[in-house]
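Below you'll find the structure, written out as structure tokens, and then a few comments.
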Amino acid sequence: MTDFISLPFYDLFHENGHVPEAREKLPPLLAGIRRSILEIGAGTGLITTSLADWTPAEIFALEPSAGMRAMLLSRLNARPELLKRVTVLPCDALSVELDEPVEAIVMINVMYALEPDYRKRLWPVLATRLEPGGLLVFTWRDGGPPAPRPLQELESQQVGRHTYTVLLEILESSEESCEARYLYRITEGDRVISEEEIAGPAYRPVWETIEGELVGAGFVQADAPEGFLAWRLA
Ligand SMILES: C[S@@+](CC[C@H](N)C(=O)[O-])C[C@H]1O[C@@H](n2cnc3c(N)ncnc32)[C@H](O)[C@@H]1O
């Protein structure tokens with residue numbers, strides 16, 4: 001696992017990254033959800049606690065990474081009133097077992113990590129974990145993966161005397177995936193305290209692919225704002 005490299009940076013960068021957009025666009029999509037939500041890839045819980053704030057639903061926060069789960073549980077522990085309502089599932093999405101189907105499934109910023117064959121197998125599994133007419137919402141953007149580009153700073157954040165910086169290089173790109181190299185750097189002034197990298201594939205399926213897979217698994221498209229897709233189980 002390469003989590004231990006990126007984990008310390010996660011909340012520093014994502015709280016101001018994709019999370020504000022998700023917090024703006026998700027509440028209208030989830031209006032009316034009352035009973036239960038399965039969140040796939042809950043990460044450190046940046047979205048999980050918001051789901052709990054927006055809805056009265058019981059939440060199943062699924063997260064396979066032990067490091068991410070530790071941060072998620074720490075976040076939940078800081079909100080003791082949520083501890084009775086949020087169950088943390090320590091497994092990957094394909095292995096999810098629930099006592100009864102849920103009303104909605106939410107998956108924010110996870111698709112890039114799902115290898116195509118895994119993703120194709122996932123939709124039918126999620127269909128069996130949803131109530132009839134249940135809602136599936138996830139982040140997705142059209143246009144396929146980014147083109148190759150040199151190393152660029154994404155963002156940096158000061159923490160006391162240190163600066164945490166994340167840089168990204170796109171090494172190669174194909175129709176539905178790219179090879180991304182991330183550098184995680186901590187500096188104090190000009191001195192580099194640590195610099196570690198993670199390289200690996202990121203998946204960005206195009207619309208025709210996603211539509212074929214979801215329709216094939218029994219979903220019907222519903223309205224969703226830019227950056228999101230919403231589907232209902234037929
Ligand atoms: C970029 S993080 C997003 C976390 C959170 N949803 C958020 O928006 O802050 C992606 C998460 O997906 C999880 N993940 C990766 N592969 C997964 C899989 N097969 N099943 C479930 N979660 C997965 C990772 O462990 C990671 O926590």
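To be explicit about the labels: the chains of the structure tokens are called A, B, and onward in the order shown, and within each one the residues are counted from 1, while ligands get numbers from 1 in the order they are shown.
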Do you know which residues are within 9 Å of ligand 1 using only C-alpha atoms and all ligand atoms? Can you write them as a PyMOL selection string?
-> chain A and resi 3+10-11+14-15+18-19+22+39-48+62-69+91-96+106-115+118-119+122
Find the residues around Val102 in chain A up to 9 Å (only C-alpha atoms counted), leave out those fewer than 5 positions away in its own chain, and share them as a list in words.
-> Arg35, Ser36, Ile37, Leu38, Arg129, Leu130, Glu131, Gly134 and Leu135 of chain A
DSSP says strand (DSSP E) for which residues of range 73-150 of chain A? Put them as a VMD selection string?
-> chain A and resid 86 to 89 102 to 107 130 to 139 149 to 150
Selected residues written out, N, CA, C and O atoms, as a PDB file, in the first residue's frame:
ATOM      1  N   VAL A  86     -23.486   5.899  11.995  1.00  0.00           N
ATOM      2  CA  VAL A  86     -22.559   5.592  10.893  1.00  0.00           C
ATOM      3  C   VAL A  86     -21.830   4.286  11.196  1.00  0.00           C
ATOM      4  O   VAL A  86     -21.160   4.160  12.225  1.00  0.00           O
ATOM      5  N   THR A  87     -21.974   3.320  10.285  1.00  0.00           N
ATOM      6  CA  THR A  87     -21.245   2.056  10.407  1.00  0.00           C
ATOM      7  C   THR A  87     -20.102   2.076   9.396  1.00  0.00           C
ATOM      8  O   THR A  87     -20.319   2.394   8.221  1.00  0.00           O
ATOM      9  N   VAL A  88     -18.894   1.767   9.847  1.00  0.00           N
ATOM     10  CA  VAL A  88     -17.735   1.774   8.948  1.00  0.00           C
ATOM     11  C   VAL A  88     -17.481   0.344   8.470  1.00  0.00           C
ATOM     12  O   VAL A  88     -17.281  -0.565   9.284  1.00  0.00           O
ATOM     13  N   LEU A  89     -17.506   0.150   7.162  1.00  0.00           N
ATOM     14  CA  LEU A  89     -17.324  -1.195   6.590  1.00  0.00           C
ATOM     15  C   LEU A  89     -15.894  -1.329   6.059  1.00  0.00           C
ATOM     16  O   LEU A  89     -15.518  -0.631   5.116  1.00  0.00           O
ATOM     17  N   VAL A 102     -30.085  -0.591   0.518  1.00  0.00           N
ATOM     18  CA  VAL A 102     -30.112   0.810   0.935  1.00  0.00           C
ATOM     19  C   VAL A 102     -30.936   1.653  -0.046  1.00  0.00           C
ATOM     20  O   VAL A 102     -31.225   1.242  -1.166  1.00  0.00           O
ATOM     21  N   GLU A 103     -31.246   2.857   0.434  1.00  0.00           N
ATOM     22  CA  GLU A 103     -32.048   3.793  -0.366  1.00  0.00           C
ATOM     23  C   GLU A 103     -31.179   4.513  -1.404  1.00  0.00           C
ATOM     24  O   GLU A 103     -31.650   4.892  -2.467  1.00  0.00           O
ATOM     25  N   ALA A 104     -29.901   4.733  -1.063  1.00  0.00           N
ATOM     26  CA  ALA A 104     -29.002   5.460  -1.980  1.00  0.00           C
ATOM     27  C   ALA A 104     -27.568   4.976  -1.796  1.00  0.00           C
ATOM     28  O   ALA A 104     -27.170   4.566  -0.708  1.00  0.00           O
ATOM     29  N   ILE A 105     -26.830   5.043  -2.912  1.00  0.00           N
ATOM     30  CA  ILE A 105     -25.385   4.761  -2.879  1.00  0.00           C
ATOM     31  C   ILE A 105     -24.665   5.991  -3.418  1.00  0.00           C
ATOM     32  O   ILE A 105     -25.056   6.544  -4.455  1.00  0.00           O
ATOM     33  N   VAL A 106     -23.635   6.428  -2.707  1.00  0.00           N
ATOM     34  CA  VAL A 106     -22.880   7.630  -3.082  1.00  0.00           C
ATOM     35  C   VAL A 106     -21.410   7.223  -3.237  1.00  0.00           C
ATOM     36  O   VAL A 106     -20.867   6.523  -2.376  1.00  0.00           O
ATOM     37  N   MET A 107     -20.782   7.685  -4.320  1.00  0.00           N
ATOM     38  CA  MET A 107     -19.380   7.317  -4.571  1.00  0.00           C
ATOM     39  C   MET A 107     -18.661   8.552  -5.124  1.00  0.00           C
ATOM     40  O   MET A 107     -18.809   8.892  -6.297  1.00  0.00           O
ATOM     41  N   LEU A 130     -29.152  -2.119  -3.665  1.00  0.00           N
ATOM     42  CA  LEU A 130     -30.064  -0.962  -3.668  1.00  0.00           C
ATOM     43  C   LEU A 130     -31.511  -1.413  -3.628  1.00  0.00           C
ATOM     44  O   LEU A 130     -31.879  -2.435  -4.231  1.00  0.00           O
ATOM     45  N   GLU A 131     -32.352  -0.606  -2.969  1.00  0.00           N
ATOM     46  CA  GLU A 131     -33.809  -0.846  -3.031  1.00  0.00           C
ATOM     47  C   GLU A 131     -34.297  -0.643  -4.472  1.00  0.00           C
ATOM     48  O   GLU A 131     -33.691   0.125  -5.221  1.00  0.00           O
ATOM     49  N   PRO A 132     -35.434  -1.238  -4.854  1.00  0.00           N
ATOM     50  CA  PRO A 132     -36.012  -0.913  -6.168  1.00  0.00           C
ATOM     51  C   PRO A 132     -36.239   0.599  -6.252  1.00  0.00           C
ATOM     52  O   PRO A 132     -36.724   1.208  -5.298  1.00  0.00           O
ATOM     53  N   GLY A 133     -35.843   1.214  -7.363  1.00  0.00           N
ATOM     54  CA  GLY A 133     -35.980   2.667  -7.509  1.00  0.00           C
ATOM     55  C   GLY A 133     -34.901   3.440  -6.775  1.00  0.00           C
ATOM     56  O   GLY A 133     -34.887   4.674  -6.808  1.00  0.00           O
ATOM     57  N   GLY A 134     -33.971   2.732  -6.129  1.00  0.00           N
ATOM     58  CA  GLY A 134     -32.916   3.386  -5.331  1.00  0.00           C
ATOM     59  C   GLY A 134     -31.987   4.225  -6.201  1.00  0.00           C
ATOM     60  O   GLY A 134     -31.897   4.047  -7.422  1.00  0.00           O
ATOM     61  N   LEU A 135     -31.274   5.141  -5.537  1.00  0.00           N
ATOM     62  CA  LEU A 135     -30.467   6.150  -6.225  1.00  0.00           C
ATOM     63  C   LEU A 135     -28.980   5.815  -6.134  1.00  0.00           C
ATOM     64  O   LEU A 135     -28.476   5.501  -5.051  1.00  0.00           O
ATOM     65  N   LEU A 136     -28.295   5.913  -7.265  1.00  0.00           N
ATOM     66  CA  LEU A 136     -26.838   5.764  -7.300  1.00  0.00           C
ATOM     67  C   LEU A 136     -26.252   7.076  -7.808  1.00  0.00           C
ATOM     68  O   LEU A 136     -26.604   7.528  -8.908  1.00  0.00           O
ATOM     69  N   VAL A 137     -25.397   7.721  -7.020  1.00  0.00           N
ATOM     70  CA  VAL A 137     -24.799   9.007  -7.404  1.00  0.00           C
ATOM     71  C   VAL A 137     -23.288   8.883  -7.342  1.00  0.00           C
ATOM     72  O   VAL A 137     -22.747   8.382  -6.348  1.00  0.00           O
ATOM     73  N   PHE A 138     -22.613   9.334  -8.395  1.00  0.00           N
ATOM     74  CA  PHE A 138     -21.142   9.339  -8.337  1.00  0.00           C
ATOM     75  C   PHE A 138     -20.574  10.480  -9.168  1.00  0.00           C
ATOM     76  O   PHE A 138     -21.265  11.055 -10.017  1.00  0.00           O
ATOM     77  N   THR A 139     -19.310  10.806  -8.875  1.00  0.00           N
ATOM     78  CA  THR A 139     -18.633  11.871  -9.623  1.00  0.00           C
ATOM     79  C   THR A 139     -18.109  11.301 -10.932  1.00  0.00           C
ATOM     80  O   THR A 139     -17.576  10.185 -10.971  1.00  0.00           O
ATOM     81  N   ARG A 149       1.537  15.322 -19.538  1.00  0.00           N
ATOM     82  CA  ARG A 149       2.054  16.669 -19.264  1.00  0.00           C
ATOM     83  C   ARG A 149       3.158  16.575 -18.207  1.00  0.00           C
ATOM     84  O   ARG A 149       3.194  15.645 -17.403  1.00  0.00           O
ATOM     85  N   PRO A 150       4.085  17.552 -18.231  1.00  0.00           N
ATOM     86  CA  PRO A 150       5.204  17.485 -17.289  1.00  0.00           C
ATOM     87  C   PRO A 150       4.753  17.734 -15.853  1.00  0.00           C
ATOM     88  O   PRO A 150       3.620  18.169 -15.610  1.00  0.00           O
TER      89      PRO A 150
END
Neighbour list for Glu153 in chain A as a PyMOL selection string, cut-off 7 Å, only C-alpha atoms, skip fewer than 4 positions in-chain = chain A and resi 166-168
Kindly provide the residues of range 21-103 of chain A that approach range 217-229 of chain A to within 10 Å, each paired with its closest atom pair and their distance in Å to one decimal, based on only C-alpha atoms, listed by chain and increasing number, as a tab-separated table.
residue	atom	partner	partner_atom	distance
A:Glu21	CA	A:Gly227	CA	8.8
A:Ala22	CA	A:Phe228	CA	8.8
A:Lys25	CA	A:Pro225	CA	6.9
A:Leu26	CA	A:Phe228	CA	8.7
A:Pro28	CA	A:Ala224	CA	9.3
A:Leu29	CA	A:Ala224	CA	7.1
Preceding selection exported with C-alpha atoms as a PDB file, in the first residue's frame:
ATOM      1  CA  GLU A  21     -18.220  21.201  -5.087  1.00  0.00           C
ATOM      2  CA  ALA A  22     -19.568  17.926  -3.719  1.00  0.00           C
ATOM      3  CA  LYS A  25     -24.142  19.753  -5.506  1.00  0.00           C
ATOM      4  CA  LEU A  26     -24.968  16.645  -3.483  1.00  0.00           C
ATOM      5  CA  PRO A  28     -30.333  18.551  -3.823  1.00  0.00           C
ATOM      6  CA  LEU A  29     -29.595  15.099  -5.291  1.00  0.00           C
TER       7      LEU A  29
END
Got a sec: who's within 6 Å of range 173-183 of chain A, counting only C-alpha atoms, leaving out chain neighbours fewer than 3 positions off, as a PyMOL selection string?
-> chain A and resi 144-145+147-148+166-170+196-205
Excluding range 213-215 of chain A and any residue of its chain fewer than 5 positions from it, enumerate the residues within 10 Å of it, using only C-alpha atoms, and give them as a CSV table (one decimal) with N, CA, C and O atoms, in the first residue's frame.
chain,number,residue,atom,x,y,z
A,119,ARG,N,-14.7,-2.4,-12.3
A,119,ARG,CA,-15.8,-1.5,-12.4
A,119,ARG,C,-17.1,-2.2,-13.1
A,119,ARG,O,-18.2,-2.0,-12.6
A,120,LYS,N,-16.8,-2.9,-14.1
A,120,LYS,CA,-17.9,-3.6,-14.8
A,120,LYS,C,-18.6,-4.6,-13.9
A,120,LYS,O,-19.8,-4.7,-14.0
A,121,ARG,N,-17.8,-5.2,-13.1
A,121,ARG,CA,-18.4,-6.2,-12.2
A,121,ARG,C,-19.1,-5.5,-11.0
A,121,ARG,O,-20.0,-6.1,-10.4
A,122,LEU,N,-18.7,-4.3,-10.7
A,122,LEU,CA,-19.3,-3.6,-9.6
A,122,LEU,C,-20.7,-3.2,-9.7
A,122,LEU,O,-21.6,-3.3,-8.8
A,123,TRP,N,-21.1,-2.6,-10.9
A,123,TRP,CA,-22.5,-2.1,-11.1
A,123,TRP,C,-23.6,-3.2,-10.7
A,123,TRP,O,-24.5,-2.8,-10.0
A,124,PRO,N,-23.5,-4.4,-11.3
A,124,PRO,CA,-24.5,-5.4,-10.9
A,124,PRO,C,-24.5,-5.7,-9.4
A,124,PRO,O,-25.6,-6.0,-8.9
A,127,ALA,N,-26.4,-2.9,-7.8
A,127,ALA,CA,-27.8,-3.0,-8.1
A,127,ALA,C,-28.5,-3.9,-7.1
A,127,ALA,O,-29.6,-3.7,-6.7
A,207,TRP,N,-18.3,8.5,-21.8
A,207,TRP,CA,-19.8,8.4,-21.6
A,207,TRP,C,-20.3,7.1,-22.1
A,207,TRP,O,-21.1,6.4,-21.4
A,208,GLU,N,-20.0,6.7,-23.3
A,208,GLU,CA,-20.5,5.5,-24.0
A,208,GLU,C,-20.2,4.3,-23.1
A,208,GLU,O,-21.1,3.4,-23.0
A,220,VAL,N,-31.4,3.4,-14.8
A,220,VAL,CA,-31.9,4.4,-15.7
A,220,VAL,C,-31.4,5.8,-15.3
A,220,VAL,O,-31.4,6.1,-14.1
A,221,GLN,N,-30.9,6.6,-16.2
A,221,GLN,CA,-30.3,7.8,-15.9
A,221,GLN,C,-31.3,8.8,-15.3
A,221,GLN,O,-32.4,9.0,-15.8
A,231,TRP,N,-28.3,7.8,-11.2
A,231,TRP,CA,-29.0,6.7,-11.8
A,231,TRP,C,-30.0,6.1,-10.8
A,231,TRP,O,-29.7,6.1,-9.6
A,232,ARG,N,-31.1,5.7,-11.3
A,232,ARG,CA,-32.0,5.0,-10.5
A,232,ARG,C,-32.2,3.6,-10.9
A,232,ARG,O,-32.2,3.3,-12.1
A,233,LEU,N,-32.3,2.7,-9.9
A,233,LEU,CA,-32.5,1.3,-10.3
A,233,LEU,C,-33.9,1.1,-10.8
A,233,LEU,O,-34.8,1.6,-10.2
A,234,ALA,N,-34.0,0.5,-12.0
A,234,ALA,CA,-35.3,0.4,-12.7
A,234,ALA,C,-36.3,-0.4,-11.8
A,234,ALA,O,-35.8,-1.3,-11.1
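The spacing separating CA of His162 in chain A from CA of Gly189 in chain A amounts to 7.6 Å.
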